[in-house]
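Enquirer: Data file data19.txt (compact mmCIF, C-alpha atoms and all ligand atoms) is appended below.
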# COMPACT_ATOMS: atom_id res chain seq x y z
CA MET W 204 -199.99 -14.80 -24.19
CA GLU W 205 -200.34 -11.20 -25.39
CA LYS W 206 -197.77 -10.05 -27.95
CA ILE W 207 -196.34 -6.72 -29.09
CA GLU W 208 -193.96 -5.79 -31.91
CA ILE W 209 -190.98 -4.01 -30.44
CA ASN W 210 -187.36 -3.32 -31.47
CA GLY W 211 -187.71 -5.66 -34.48
CA ILE W 212 -189.01 -8.64 -32.48
CA GLU W 213 -192.31 -9.95 -31.18
CA LEU W 214 -192.39 -9.87 -27.38
CA ALA W 215 -194.85 -12.15 -25.57
CA TYR W 216 -196.05 -11.43 -22.04
CA GLU W 217 -198.69 -12.22 -19.47
CA ARG W 218 -200.36 -9.67 -17.22
CA ARG W 219 -202.07 -10.90 -14.08
CA GLY W 220 -203.31 -9.59 -10.76
CA LYS W 221 -203.98 -6.22 -9.12
CA GLY W 222 -201.76 -3.90 -7.12
CA ALA W 223 -198.38 -2.23 -7.51
CA PRO W 224 -196.67 -3.28 -10.75
CA LEU W 225 -194.00 -5.99 -10.61
CA VAL W 226 -192.18 -7.33 -13.66
CA LEU W 227 -190.87 -10.90 -13.33
CA LEU W 228 -187.94 -11.73 -15.65
CA HIS W 229 -186.96 -15.36 -16.13
CA GLY W 230 -183.42 -16.72 -16.35
CA PHE W 231 -181.39 -18.64 -18.95
CA PRO W 232 -182.45 -20.79 -20.80
CA LEU W 233 -186.00 -20.78 -19.47
CA ASP W 234 -189.18 -18.83 -20.14
CA HIS W 235 -191.98 -17.14 -18.15
CA HIS W 236 -193.16 -20.55 -16.86
CA ALA W 237 -190.27 -20.39 -14.38
CA TRP W 238 -192.61 -18.14 -12.34
CA ASP W 239 -195.65 -20.44 -12.57
CA LYS W 240 -195.60 -21.42 -8.89
CA ILE W 241 -195.31 -17.93 -7.50
CA VAL W 242 -197.64 -16.00 -9.79
CA PRO W 243 -200.72 -17.28 -7.88
CA LEU W 244 -199.01 -16.31 -4.60
CA LEU W 245 -198.33 -12.75 -5.75
CA GLU W 246 -201.32 -11.82 -7.88
CA ASN W 247 -203.34 -10.41 -4.96
CA THR W 248 -200.48 -8.04 -4.10
CA PHE W 249 -199.13 -6.99 -7.49
CA GLU W 250 -200.09 -6.28 -11.04
CA LEU W 251 -197.70 -8.85 -12.51
CA ILE W 252 -196.09 -8.38 -15.92
CA VAL W 253 -194.38 -11.62 -16.92
CA PRO W 254 -192.68 -11.61 -20.33
CA ASP W 255 -190.70 -14.15 -22.28
CA LEU W 256 -187.34 -12.46 -22.89
CA ARG W 257 -186.22 -12.01 -26.49
CA GLY W 258 -185.92 -15.41 -28.23
CA PHE W 259 -187.33 -17.48 -25.35
CA GLY W 260 -190.80 -18.98 -25.00
CA GLU W 261 -193.14 -17.28 -27.43
CA SER W 262 -190.95 -14.22 -28.04
CA THR W 263 -188.98 -14.06 -31.28
CA THR W 264 -185.37 -13.06 -31.80
CA MET W 265 -183.08 -11.81 -34.53
CA ASP W 266 -179.79 -13.04 -36.02
CA SER W 267 -177.75 -9.96 -35.16
CA PRO W 268 -176.06 -9.87 -31.74
CA TYR W 269 -177.69 -8.04 -28.86
CA THR W 270 -176.86 -7.02 -25.31
CA MET W 271 -178.43 -6.97 -21.86
CA ASP W 272 -179.24 -3.31 -22.61
CA ASP W 273 -181.26 -4.41 -25.64
CA LEU W 274 -183.19 -6.89 -23.48
CA ALA W 275 -183.83 -4.11 -20.94
CA THR W 276 -184.97 -1.82 -23.75
CA ASP W 277 -187.47 -4.51 -24.85
CA ILE W 278 -188.91 -4.37 -21.33
CA ALA W 279 -189.00 -0.56 -21.38
CA GLY W 280 -190.94 -0.75 -24.67
CA LEU W 281 -193.37 -3.22 -23.14
CA LEU W 282 -193.93 -0.98 -20.10
CA ASN W 283 -194.47 2.01 -22.37
CA HIS W 284 -197.03 0.00 -24.35
CA LEU W 285 -198.82 -0.94 -21.11
CA GLY W 286 -198.74 2.64 -19.78
CA VAL W 287 -196.66 1.66 -16.71
CA ASP W 288 -194.38 4.60 -15.77
CA LYS W 289 -192.69 3.10 -12.73
CA THR W 290 -192.37 -0.48 -11.58
CA ALA W 291 -190.46 -2.94 -9.44
CA ILE W 292 -188.54 -5.58 -11.39
CA ALA W 293 -187.47 -8.96 -10.07
CA GLY W 294 -185.15 -11.08 -12.17
CA HIS W 295 -184.06 -14.67 -11.79
CA SER W 296 -180.38 -15.13 -12.63
CA MET W 297 -180.02 -13.79 -16.21
CA GLY W 298 -183.31 -11.97 -15.63
CA GLY W 299 -181.49 -10.19 -12.79
CA TYR W 300 -178.80 -9.06 -15.26
CA VAL W 301 -181.58 -7.59 -17.41
CA ALA W 302 -183.15 -5.91 -14.36
CA LEU W 303 -179.75 -4.37 -13.51
CA ALA W 304 -179.33 -3.10 -17.08
CA PHE W 305 -182.84 -1.61 -16.81
CA ALA W 306 -181.91 0.08 -13.50
CA ARG W 307 -178.85 1.66 -15.16
CA LEU W 308 -180.74 2.82 -18.27
CA TYR W 309 -184.09 3.82 -16.73
CA PRO W 310 -183.53 4.56 -13.01
CA GLU W 311 -186.50 6.91 -12.91
CA SER W 312 -188.80 4.06 -13.99
CA MET W 313 -187.74 1.76 -11.21
CA SER W 314 -189.49 1.46 -7.82
CA GLY W 315 -187.72 -1.66 -6.56
CA LEU W 316 -185.31 -4.44 -7.53
CA GLY W 317 -185.44 -8.14 -6.77
CA LEU W 318 -182.42 -10.33 -7.51
CA VAL W 319 -183.25 -14.02 -7.32
CA SER W 320 -180.22 -16.34 -7.65
CA SER W 321 -178.40 -13.61 -9.53
CA GLN W 322 -175.22 -11.54 -9.24
CA VAL W 323 -173.93 -8.05 -10.04
CA LEU W 324 -170.43 -8.88 -11.27
CA ALA W 325 -169.46 -9.17 -14.93
CA ASP W 326 -167.99 -12.45 -16.18
CA PRO W 327 -164.27 -13.01 -15.54
CA PRO W 328 -162.29 -13.68 -18.79
CA ASP W 329 -162.39 -17.49 -18.52
CA ARG W 330 -166.17 -17.53 -17.97
CA LYS W 331 -166.64 -15.14 -20.89
CA GLU W 332 -164.58 -17.41 -23.12
CA GLY W 333 -166.62 -20.40 -21.90
CA ARG W 334 -169.85 -18.65 -22.93
CA TYR W 335 -168.56 -18.08 -26.49
CA LYS W 336 -167.43 -21.71 -26.65
CA SER W 337 -170.90 -22.84 -25.47
CA ALA W 338 -172.51 -20.62 -28.12
CA GLU W 339 -170.30 -22.28 -30.79
CA ASP W 340 -171.24 -25.74 -29.47
CA VAL W 341 -174.94 -24.90 -29.67
CA ALA W 342 -174.51 -23.65 -33.25
CA GLU W 343 -172.62 -26.82 -34.26
CA LYS W 344 -174.22 -29.56 -32.18
CA GLY W 345 -177.46 -28.17 -30.78
CA ILE W 346 -178.62 -27.53 -27.22
CA GLY W 347 -178.29 -31.09 -25.82
CA GLY W 348 -174.91 -30.53 -24.13
CA ILE W 349 -176.02 -27.41 -22.23
CA VAL W 350 -179.34 -28.98 -21.26
CA ASP W 351 -177.57 -32.04 -19.82
CA ALA W 352 -174.98 -29.93 -18.00
CA MET W 353 -177.50 -27.51 -16.50
CA THR W 354 -180.26 -29.92 -15.47
CA THR W 355 -178.56 -31.28 -12.35
CA LYS W 356 -176.94 -27.94 -11.53
CA PHE W 357 -180.32 -26.18 -11.33
CA THR W 358 -181.60 -28.19 -8.39
CA SER W 359 -181.26 -31.52 -6.62
CA ASP W 360 -185.05 -31.98 -6.69
CA GLU W 361 -185.65 -34.60 -9.39
CA GLN W 362 -189.17 -33.46 -10.19
CA LEU W 363 -187.99 -29.89 -10.72
CA GLN W 364 -185.05 -31.18 -12.78
CA GLY W 365 -187.67 -32.70 -15.09
CA PHE W 366 -189.51 -29.36 -15.26
CA ALA W 367 -186.28 -27.46 -15.99
CA ARG W 368 -185.17 -29.96 -18.64
CA LYS W 369 -188.50 -29.70 -20.47
CA SER W 370 -188.34 -25.89 -20.30
CA MET W 371 -184.80 -25.84 -21.68
CA GLU W 372 -185.60 -28.33 -24.44
CA ARG W 373 -188.38 -26.21 -25.89
CA GLN W 374 -186.19 -23.09 -26.34
CA ASP W 375 -184.84 -21.97 -29.71
CA PRO W 376 -181.07 -22.58 -30.19
CA ALA W 377 -180.84 -19.00 -31.51
CA ALA W 378 -182.01 -17.75 -28.11
CA TYR W 379 -179.26 -19.74 -26.38
CA ILE W 380 -176.63 -18.27 -28.69
CA GLY W 381 -177.91 -14.70 -28.41
CA ALA W 382 -178.27 -14.82 -24.63
CA LEU W 383 -174.88 -16.51 -24.03
CA LYS W 384 -173.14 -13.72 -25.95
CA ALA W 385 -175.22 -11.03 -24.23
CA MET W 386 -174.37 -12.48 -20.79
CA ALA W 387 -170.67 -12.63 -21.72
CA GLU W 388 -170.67 -8.92 -22.60
CA ARG W 389 -172.67 -7.70 -19.59
CA LEU W 390 -171.22 -4.92 -17.44
CA ASP W 391 -170.21 -5.03 -13.80
CA SER W 392 -173.22 -3.53 -11.99
CA THR W 393 -171.43 -3.07 -8.64
CA PRO W 394 -170.99 0.72 -9.15
CA LEU W 395 -174.75 0.99 -9.69
CA LEU W 396 -175.68 -0.49 -6.33
CA ALA W 397 -174.73 2.54 -4.26
CA SER W 398 -177.17 4.75 -6.18
CA MET W 399 -180.16 2.48 -5.59
CA ASP W 400 -182.56 4.45 -3.41
CA PHE W 401 -185.47 2.01 -3.84
CA PRO W 402 -186.15 -1.27 -2.01
CA VAL W 403 -183.78 -4.08 -3.00
CA VAL W 404 -184.54 -7.71 -2.24
CA VAL W 405 -181.89 -10.40 -2.69
CA ILE W 406 -183.04 -14.02 -2.56
CA HIS W 407 -180.54 -16.85 -2.92
CA GLY W 408 -180.45 -20.57 -2.20
CA ASN W 409 -177.49 -21.61 -0.07
CA ALA W 410 -177.08 -24.73 -2.25
CA ASP W 411 -176.97 -22.86 -5.59
CA ALA W 412 -174.54 -24.78 -7.84
CA LEU W 413 -174.70 -22.27 -10.70
CA ILE W 414 -174.20 -18.94 -8.91
CA PRO W 415 -172.72 -19.46 -5.44
CA ILE W 416 -174.38 -17.63 -2.56
CA ASP W 417 -171.17 -15.62 -2.04
CA ARG W 418 -172.25 -13.53 -5.06
CA ALA W 419 -175.40 -12.55 -3.12
CA TYR W 420 -173.41 -11.67 0.01
CA GLU W 421 -171.40 -9.25 -2.14
CA VAL W 422 -174.60 -7.30 -2.88
CA LYS W 423 -175.56 -7.33 0.80
CA ASP W 424 -172.17 -5.87 1.68
CA VAL W 425 -172.69 -2.85 -0.60
CA ILE W 426 -176.38 -1.95 -0.08
CA SER W 427 -177.15 -1.28 3.56
CA HIS W 428 -180.94 -1.36 3.07
CA VAL W 429 -181.07 -4.68 1.20
CA HIS W 430 -183.70 -7.21 2.32
CA PHE W 431 -181.57 -10.35 2.20
CA VAL W 432 -183.11 -13.81 2.20
CA GLU W 433 -180.98 -16.94 2.27
CA ILE W 434 -183.10 -19.96 1.45
CA LYS W 435 -181.78 -23.06 3.17
CA ASN W 436 -181.30 -26.14 0.97
CA ALA W 437 -182.53 -24.39 -2.18
CA GLY W 438 -180.48 -24.56 -5.35
CA HIS W 439 -180.71 -22.22 -8.35
CA LEU W 440 -184.53 -22.24 -8.57
CA PRO W 441 -185.88 -20.84 -5.27
CA MET W 442 -189.07 -19.59 -6.95
CA LEU W 443 -189.85 -23.26 -7.66
CA GLU W 444 -188.04 -24.97 -4.77
CA ALA W 445 -189.32 -22.60 -2.07
CA ALA W 446 -192.16 -20.76 -3.78
CA GLN W 447 -193.93 -19.43 -0.66
CA GLU W 448 -190.76 -18.05 0.95
CA THR W 449 -189.68 -16.48 -2.33
CA ALA W 450 -193.11 -14.91 -2.91
CA ASP W 451 -193.32 -13.59 0.67
CA SER W 452 -189.87 -12.01 0.29
CA LEU W 453 -190.78 -10.35 -3.03
CA LYS W 454 -193.76 -8.69 -1.29
CA GLN W 455 -191.16 -6.27 0.15
CA LEU W 456 -191.34 -4.67 -3.32
CA ALA W 457 -195.06 -3.75 -3.02
C1 LIG W 501 -179.29 -18.34 -15.47
O1 LIG W 501 -179.83 -19.17 -14.73
O2 LIG W 501 -179.93 -17.39 -15.96
C2 LIG W 501 -177.84 -18.52 -15.82
O3 LIG W 501 -177.33 -19.63 -15.15
C3 LIG W 501 -177.06 -17.29 -15.49
C4 LIG W 501 -175.63 -17.39 -15.88
O4 LIG W 501 -175.24 -18.33 -16.57
O5 LIG W 501 -174.87 -16.48 -15.50
Represent the structure from my file as structure tokens, please.
Ligand code: MLT
Expert:
Amino acid sequence: MEKIEINGIELAYERRGKGAPLVLLHGFPLDHHAWDKIVPLLENTFELIVPDLRGFGESTTMDSPYTMDDLATDIAGLLNHLGVDKTAIAGHSMGGYVALAFARLYPESMSGLGLVSSQVLADPPDRKEGRYKSAEDVAEKGIGGIVDAMTTKFTSDEQLQGFARKSMERQDPAAYIGALKAMAERLDSTPLLASMDFPVVVIHGNADALIPIDRAYEVKDVISHVHFVEIKNAGHLPMLEAAQETADSLKQLA
């Protein structure tokens, strides 16, 4: 992977393909390999920029707390480094929260938004509390508990469960802690939706056990021009469970 120094961290990324730029942001607690199946399906349509978010994969993190805005600012720094003025951004789950923060901070730099298995609402108080408790558990006991809990919730496909487990196991506990707190503090992006005058694609599995598909319907209800794709029998990993359908849908952002 290529690496740049930005905002006090080292940010790793891959750049592949030719065409309109598209940034692919992975979810929690994964890394850029979450997109491995669809990169080959998109690289003839897009110039793909695929980073590891702060702390995950080959990107480093810091001890002090950070927010979704900081993660979005890392991406803005990367785009600036690459000379990309305007781009579409697709985010899986937590990556969608980062894409939404980017859309709020840098609307002029955005040409399209893809939300894959994500949501626009902030955490309700009990979920927020649960995130802080999970962060404490990781600090005290390590990542095993979260990895076990999330593996079967990601997907019912046993092979992909193995892939997700391996991805989660190689992440730094500090990244779990930082991202859990950043997700807990994220803003409600619903007010932002109405101002989105670029293409928006929402892709969601109807069997998602982590973020129910109702969260995706809420986006559809607010943005009249949304390209909405419900993927039958997919769980929380449509880009792996239904790679072709997910890739074809993201081509709306070209
Ligand atoms: C993710 O897949 O990124 C997380 O499940 C998102 C979340 O916990 O809200």
Enquirer: Using all atoms listed in the file, pick whichever of W:Ser321, W:Ser370, W:Gln362, W:Asn247 has the shortest atom-to-atom distance to Ala419 (chain W).
Expert: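 Checking each candidate against Ala419 (chain W), we get W:Ser321 as the closest.
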Enquirer: (-202.0, -17.9, -28.1) in this file's frame - what residues fall within 10 Å of it? Use only C-alpha atoms and give the answer as JSON, numbers by chain.
Expert: {"W": [204, 205, 206, 215, 261]}
Enquirer: Using all atoms listed in the file, pick whichever of W:Met371, W:Leu225, W:Met265, W:Thr248 has the shortest atom-to-atom distance to Thr290 (chain W).
Expert: W:Leu225
Enquirer: Enumerate residues in contact with ligand LIG 501 (chain W): an atom-to-atom distance of at most 9 Å, counting all atoms listed in the file. Format the result as a ChimeraX atom specification.
Expert: /W:229-233,295-300,320-322,326,334,353,357,383,386-387,413-414,439-440
Enquirer: Which polymer residues have any atom within 12 Å of an atom of region 305-309 of chain W, counting only C-alpha atoms, with same-chain residues fewer than 2 positions away left out, as a count of residues only?
Expert: 49
Enquirer: Using CA of Lys240 (chain W) and CA of Lys356 (chain W) as the two end points, give the distance in Å to one decimal.
Expert: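 These atoms are spaced 19.9 Å apart.
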